[in-house]
Amino acid sequence: MKRRSLIIGGATALGLGWLLRPGETGAGHSPYFRDLSGALDKAGLAKPSLVIDRQRLLANIHTLAGHVQGRFNYRIVAKSLPSVPLLGAVMQATGSDRLMLFHQPFINQVAHHFPRADVLLGKPMPVVAAHNFYRQFNGGDFAPERQLRWLLDTPERVSQYDELARALGQDMLACIELDVGLHRGGVSSDQQLVAMLDLIDQSPRLKFSGFMGYEPHIVKVPLGSAQDYRDTAMAVYQHYVDVARARLGQRWPQDVLLNAGGSPTYQMYNEGSYPFNELAAGSCLVKPTDFDLPTLADHEAACYIATPVLKSLDTLQIPGIDLGAVQSLWDPNRARTFFTYGGYWKALPESPPGLVYNSLFGRSTNQEMLNGSRNIHLQPDDWVFLRPTQSEFVFLQFGDIAVYDNGSIAERWPVFSEQAS
Ligand SMILES: Cc1ncc(COP(=O)(O)O)c(C=O)c1O
C-alpha cells in the first residue's frame, strides 16, 4: 500500500473513531436534588448520609396496597428496611404487623420494640443463633411461642431445633422452607417434607405453622415467560400443600401461614388464585437500583446516599503514566474530577446526572473519585447523590437515616445495630 493511502486510511479511522466518542451527559442537579441539598445543609449535615423520602415511601406503600388489594396478607421484609422507626412507619401505613427477619440480633430488637409483631424467619438459622435469641431475649409482651416462626429446611435442622426446644423447655413455631424453583435450599422432595412433618409432629415442643416458598427467579430467568415460571412454581407449592394436608389431616393448622413472593414478583399475583395466603415485600418501598424492573415500574426511588464533595478539579489526572488526559479527551464525561466524602458503597451515582466512577484511578471508601463533564459545576461542600443498588446492607452504613419530607429533614431514624436490643 502506498504511504499516502496509509495516511488517508489512518486519518479516516481516527475521524470515525472520534465520531464514536461518548456523548456528553452531564447536567446540574434537578430542582428535586437542589431542594434536597438545601434541606441537608439546613439540617447541618456534612457527612455521608442515607436519605429516605417519606412522601415517596408512602406513595410506594399506596402502590403496593393497590396491587395486593387485601387479597393476601402483607408481610414486611424487615431486612430491606432495617430500622425500627422505618419499620414502624411502614407497619402503621400498611396496618401489617407481620415482619420477615433474617438476622438474629435484629429479631431481638424487633421483639423488644414491636411486642405485637408476628415474625417469620426468611432463612434457616444455625440452631446456636436461635439459642442466642432466647438467651438475649429479655421478656416483655412478645411471646416467642406464638409470635416467632423459625424457618426449617431439612430434617437435620428440625432435630436440632427439637433438641433446643426441649432443652430450653420452650415451645417453638416451625415453618418449612419449600424449594419452588429458586434452588436456594428448602424441601425438594415429598419424602423430605414428610420426614420433617413427622419429626415436628413427634416433638413435644415444635408446632408446624406453615410454609415459605420464595420465587424471585420467575422474573429473572432470561428464557421463557414469567407467567409460565410462576405457574410452575405455584404448582410445586400447591403440591407440597396437598402432601402436607394429606399427612397431617386434622392437625393441619387452621391458621396456617403460607408465605410467598418478594418485591420483584409480588405484582405477578394481581389476579388469579394461588396456594399461598401472604406476600412478602420490602425493597420495593424504597426501590434501590436492583429493583428497576418492569414488574416494579410504578414504584419510585425513595432512598439516596447523599455525600459532600470534598474537592473539585478542572482536569482528570491519574498518577503514574497519566492517562487522565487521554480519558477525558476521548470521553467528555471525564473532563472534571470530584472527590467525595467516602465512597465505594453498593450504589450508583444519581445526581448531578452524568457522574461516573473511574476504574483506572480505582475505588475508595475514604475519598472516591467521580468524573463528570464541563456541564457539572460541583464545588466543595456541594452534595452528590447516589442510589443504593440494594437497601439491606447499605442502609446500615450511615448511622441515623435522614428522613426528607416536603422540603426538610423532618426526622432521624436509627438503623438496626449488631447488638441484641
Ligand atoms: C425469603 C424471602 N422472601 C422475600 C424476600 C423479598 O425481599 P424484598 O422485597 O426486599 O426483595 C426475600 C429477599 O431476599 C427473601 O429472601
# chains A, B, ... in the order shown; residues from 1 in each chain; ligands from 1
>>> residues_near_ligand(ligand="ligand 1", cutoff="9 Å", atoms="only C-alpha atoms and all ligand atoms", output="ChimeraX atom specification")
/A:75-81,100-102,121-123,177,212-216,259-266,279-285,287,291,390-392
>>> select_by_dssp(residues="range 193-402 of chain A", states="strand (DSSP E or B)", output="NGL selection string")
:A and (206-213 or 257-260 or 278-281 or 303-313 or 336-342 or 347-351 or 356-357 or 367-372 or 383-388 or 401-402)
>>> residues_around(residues="Ala244 in chain A", least_positions_apart="2", cutoff="12 Å", atoms="only C-alpha atoms", output="JSON, numbers by chain")
{"A": [176, 178, 187, 189, 190, 191, 192, 193, 194, 195, 196, 197, 198, 201, 208, 209, 210, 211, 237, 238, 239, 240, 241, 242, 246, 247, 248, 249, 250, 251, 252, 253, 256]}
>>> atom_distance(atom1="CA of Gly44 in chain A", atom2="CA of Ser408 in chain A")
11.4 Å
>>> atom_distance(atom1="CA of Gly354 in chain A", atom2="CA of Pro294 in chain A")
23.4 Å
>>> residues_around(residues="Gln397 in chain A", least_positions_apart="3", cutoff="10 Å", atoms="only C-alpha atoms", output="PDB file with N, CA and C atoms, in the first residue's frame")
ATOM      1  N   PRO A  48     -21.471  11.531  54.805  1.00  0.00           N
ATOM      2  CA  PRO A  48     -22.313  10.634  54.012  1.00  0.00           C
ATOM      3  C   PRO A  48     -23.550  10.232  54.814  1.00  0.00           C
ATOM      4  N   SER A  49     -24.709  10.378  54.188  1.00  0.00           N
ATOM      5  CA  SER A  49     -25.968  10.144  54.910  1.00  0.00           C
ATOM      6  C   SER A  49     -26.918   9.367  54.018  1.00  0.00           C
ATOM      7  N   LEU A  50     -27.715   8.540  54.659  1.00  0.00           N
ATOM      8  CA  LEU A  50     -28.749   7.811  53.929  1.00  0.00           C
ATOM      9  C   LEU A  50     -30.040   8.602  54.078  1.00  0.00           C
ATOM     10  N   TRP A 345     -19.623   2.516  47.982  1.00  0.00           N
ATOM     11  CA  TRP A 345     -20.793   1.820  48.500  1.00  0.00           C
ATOM     12  C   TRP A 345     -21.401   0.989  47.375  1.00  0.00           C
ATOM     13  N   GLU A 392     -30.587  -3.511  52.025  1.00  0.00           N
ATOM     14  CA  GLU A 392     -30.386  -4.226  53.288  1.00  0.00           C
ATOM     15  C   GLU A 392     -29.064  -3.928  53.983  1.00  0.00           C
ATOM     16  N   PHE A 393     -27.963  -4.054  53.295  1.00  0.00           N
ATOM     17  CA  PHE A 393     -26.703  -3.792  53.976  1.00  0.00           C
ATOM     18  C   PHE A 393     -26.328  -2.313  53.878  1.00  0.00           C
ATOM     19  N   VAL A 394     -26.648  -1.697  52.748  1.00  0.00           N
ATOM     20  CA  VAL A 394     -26.241  -0.303  52.521  1.00  0.00           C
ATOM     21  C   VAL A 394     -26.821   0.619  53.593  1.00  0.00           C
ATOM     22  N   ASP A 400     -27.893   7.222  61.659  1.00  0.00           N
ATOM     23  CA  ASP A 400     -29.325   7.523  61.561  1.00  0.00           C
ATOM     24  C   ASP A 400     -29.720   7.947  60.140  1.00  0.00           C
ATOM     25  N   ILE A 401     -30.840   7.419  59.678  1.00  0.00           N
ATOM     26  CA  ILE A 401     -31.374   7.794  58.364  1.00  0.00           C
ATOM     27  C   ILE A 401     -31.933   9.218  58.459  1.00  0.00           C
ATOM     28  N   VAL A 415     -30.804   3.064  62.680  1.00  0.00           N
ATOM     29  CA  VAL A 415     -30.895   1.775  61.989  1.00  0.00           C
ATOM     30  C   VAL A 415     -30.628   0.653  63.005  1.00  0.00           C
TER      31      VAL A 415
END
>>> residues_around(residues="His377 in chain A", least_positions_apart="3", cutoff="10 Å", atoms="only C-alpha atoms", output="tab-separated table (two decimals) with C-alpha atoms, in the first residue's frame")
chain	number	residue	atom	x	y	z
A	26	GLY	CA	-23.55	15.95	32.43
A	27	ALA	CA	-26.02	18.48	33.85
A	28	GLY	CA	-26.77	20.29	37.08
A	29	HIS	CA	-28.95	18.96	39.91
A	312	SER	CA	-13.36	19.75	42.65
A	314	ASP	CA	-10.98	21.08	36.36
A	336	ARG	CA	-13.70	17.13	35.52
A	338	PHE	CA	-14.67	15.36	42.06
A	352	PRO	CA	-25.96	15.50	39.21
A	372	GLY	CA	-18.14	14.45	35.10
A	373	SER	CA	-18.47	16.76	32.12
A	374	ARG	CA	-17.89	20.51	31.97
A	382	ASP	CA	-21.97	20.64	47.45
>>> closest_residue(among="A:Ile107, A:Leu310, A:Leu168, A:Ala117", to="Asn366 in chain A", atoms="only C-alpha atoms")
A:Leu310
>>> atom_distance(atom1="CA of Ser203 in chain A", atom2="CA of Gln136 in chain A")
24.2 Å
>>> closest_residue(among="A:Arg157, A:Arg245, A:Arg230, A:Arg334", to="Val180 in chain A", atoms="only C-alpha atoms")
A:Arg230
>>> residues_around(residues="Pro332 in chain A", least_positions_apart="2", cutoff="12 Å", atoms="only C-alpha atoms", output="number ranges by chain")
A: 18, 20-26, 315-316, 324-330, 334-337, 354-356, 371-376
>>> select_by_dssp(residues="range 145-328 of chain A", states="helix (DSSP H, G or I)", output="mmCIF file with C-alpha atoms, in the first residue's frame")
data_model
loop_
_atom_site.group_PDB
_atom_site.id
_atom_site.type_symbol
_atom_site.label_atom_id
_atom_site.label_comp_id
_atom_site.auth_asym_id
_atom_site.auth_seq_id
_atom_site.Cartn_x
_atom_site.Cartn_y
_atom_site.Cartn_z
ATOM 1 C CA GLU A 145 -44.001 -19.395 71.277
ATOM 2 C CA ARG A 146 -46.834 -17.628 69.420
ATOM 3 C CA GLN A 147 -45.116 -14.807 67.526
ATOM 4 C CA PRO A 155 -34.889 -32.980 58.799
ATOM 5 C CA GLU A 156 -31.494 -32.454 60.485
ATOM 6 C CA ARG A 157 -32.383 -28.889 61.341
ATOM 7 C CA VAL A 158 -35.771 -29.952 62.676
ATOM 8 C CA SER A 159 -33.967 -32.359 65.026
ATOM 9 C CA GLN A 160 -31.583 -29.628 66.174
ATOM 10 C CA TYR A 161 -34.446 -27.229 66.926
ATOM 11 C CA ASP A 162 -36.387 -30.001 68.650
ATOM 12 C CA GLU A 163 -33.406 -30.618 70.893
ATOM 13 C CA LEU A 164 -33.044 -26.911 71.657
ATOM 14 C CA ALA A 165 -36.754 -26.515 72.362
ATOM 15 C CA ARG A 166 -36.685 -29.466 74.760
ATOM 16 C CA ALA A 167 -33.532 -28.226 76.480
ATOM 17 C CA LEU A 168 -34.992 -24.756 76.955
ATOM 18 C CA ASP A 190 -42.102 -35.406 49.220
ATOM 19 C CA GLN A 191 -40.008 -37.759 51.366
ATOM 20 C CA GLN A 192 -38.070 -34.845 52.825
ATOM 21 C CA LEU A 193 -41.254 -32.953 53.581
ATOM 22 C CA VAL A 194 -42.942 -35.926 55.195
ATOM 23 C CA ALA A 195 -39.819 -36.686 57.263
ATOM 24 C CA MET A 196 -39.800 -33.093 58.540
ATOM 25 C CA LEU A 197 -43.520 -33.065 59.277
ATOM 26 C CA ASP A 198 -43.220 -36.337 61.173
ATOM 27 C CA LEU A 199 -40.293 -35.070 63.229
ATOM 28 C CA ILE A 200 -42.199 -31.895 64.080
ATOM 29 C CA ASP A 201 -45.251 -33.992 64.947
ATOM 30 C CA GLN A 202 -43.247 -36.183 67.299
ATOM 31 C CA PRO A 216 -37.749 -14.369 42.563
ATOM 32 C CA HIS A 217 -36.370 -16.490 39.705
ATOM 33 C CA ILE A 218 -39.716 -16.337 37.924
ATOM 34 C CA VAL A 219 -38.996 -12.793 36.741
ATOM 35 C CA ALA A 226 -42.510 -15.185 33.810
ATOM 36 C CA GLN A 227 -46.127 -16.392 33.842
ATOM 37 C CA ASP A 228 -45.011 -19.923 32.959
ATOM 38 C CA TYR A 229 -42.333 -19.931 35.636
ATOM 39 C CA ARG A 230 -44.865 -18.531 38.119
ATOM 40 C CA ASP A 231 -47.357 -21.254 37.253
ATOM 41 C CA THR A 232 -44.714 -23.961 37.603
ATOM 42 C CA ALA A 233 -43.593 -22.562 40.977
ATOM 43 C CA MET A 234 -47.189 -22.382 42.185
ATOM 44 C CA ALA A 235 -47.890 -25.947 41.055
ATOM 45 C CA VAL A 236 -44.916 -27.091 43.144
ATOM 46 C CA TYR A 237 -46.174 -25.013 46.106
ATOM 47 C CA GLN A 238 -49.672 -26.472 45.757
ATOM 48 C CA HIS A 239 -48.277 -29.989 45.557
ATOM 49 C CA TYR A 240 -46.429 -29.621 48.876
ATOM 50 C CA VAL A 241 -49.531 -28.123 50.482
ATOM 51 C CA ASP A 242 -51.502 -31.184 49.305
ATOM 52 C CA VAL A 243 -48.843 -33.594 50.598
ATOM 53 C CA ALA A 244 -48.751 -31.891 53.997
ATOM 54 C CA ARG A 245 -52.542 -31.688 54.299
ATOM 55 C CA ALA A 246 -52.820 -35.389 53.494
ATOM 56 C CA ARG A 247 -50.146 -36.228 56.064
ATOM 57 C CA LEU A 248 -51.437 -34.028 58.845
ATOM 58 C CA GLY A 249 -55.177 -34.421 58.326
ATOM 59 C CA GLN A 250 -56.910 -32.732 61.279
ATOM 60 C CA ARG A 251 -53.561 -31.461 62.506
ATOM 61 C CA TYR A 266 -45.497 -9.541 44.087
ATOM 62 C CA GLN A 267 -47.272 -7.887 41.152
ATOM 63 C CA MET A 268 -47.400 -11.261 39.369
ATOM 64 C CA TYR A 269 -50.315 -12.202 41.615
ATOM 65 C CA SER A 283 -37.249 -3.348 48.874
ATOM 66 C CA CYS A 284 -39.958 -2.045 46.542
ATOM 67 C CA LEU A 285 -40.923 0.518 49.197
ATOM 68 C CA THR A 289 -31.471 0.228 41.583
ATOM 69 C CA ASP A 290 -31.561 -3.606 41.596
ATOM 70 C CA PHE A 291 -35.337 -3.156 41.669
ATOM 71 C CA PRO A 294 -40.588 -3.912 34.642
ATOM 72 C CA THR A 295 -42.646 -5.511 37.437
ATOM 73 C CA LEU A 296 -41.933 -2.507 39.684
ATOM 74 C CA GLY A 324 -6.240 11.104 32.522
ATOM 75 C CA ALA A 325 -5.798 13.495 29.604
ATOM 76 C CA VAL A 326 -6.453 10.672 27.116
ATOM 77 C CA GLN A 327 -9.504 9.519 29.073
ATOM 78 C CA SER A 328 -11.018 12.990 29.178
#
>>> closest_residue(among="A:Phe72, A:Phe106, A:Tyr357, A:Tyr404", to="Val119 in chain A", atoms="only C-alpha atoms")
A:Phe106
>>> residues_around(residues="range 85-96 of chain A", least_positions_apart="2", cutoff="6 Å", atoms="only C-alpha atoms", output="MDAnalysis selection string")
chainID A and resid 83 98 413
>>> write_last_selection(atoms="N, CA and C atoms", output="PDB file, in the first residue's frame")
ATOM      1  N   SER A  83     -34.573  -0.592  60.067  1.00  0.00           N
ATOM      2  CA  SER A  83     -34.590   0.489  61.043  1.00  0.00           C
ATOM      3  C   SER A  83     -35.912   0.395  61.794  1.00  0.00           C
ATOM      4  N   ARG A  98     -46.864  -8.036  60.456  1.00  0.00           N
ATOM      5  CA  ARG A  98     -46.109  -9.226  60.042  1.00  0.00           C
ATOM      6  C   ARG A  98     -44.754  -8.790  59.503  1.00  0.00           C
ATOM      7  N   TRP A 413     -33.873   8.575  61.817  1.00  0.00           N
ATOM      8  CA  TRP A 413     -34.296   7.221  62.204  1.00  0.00           C
ATOM      9  C   TRP A 413     -33.075   6.332  62.415  1.00  0.00           C
TER      10      TRP A 413
END
>>> closest_residue(among="A:Ser359, A:Ser351, A:Gln170, A:Asn270", to="Leu378 in chain A", atoms="only C-alpha atoms")
A:Ser351
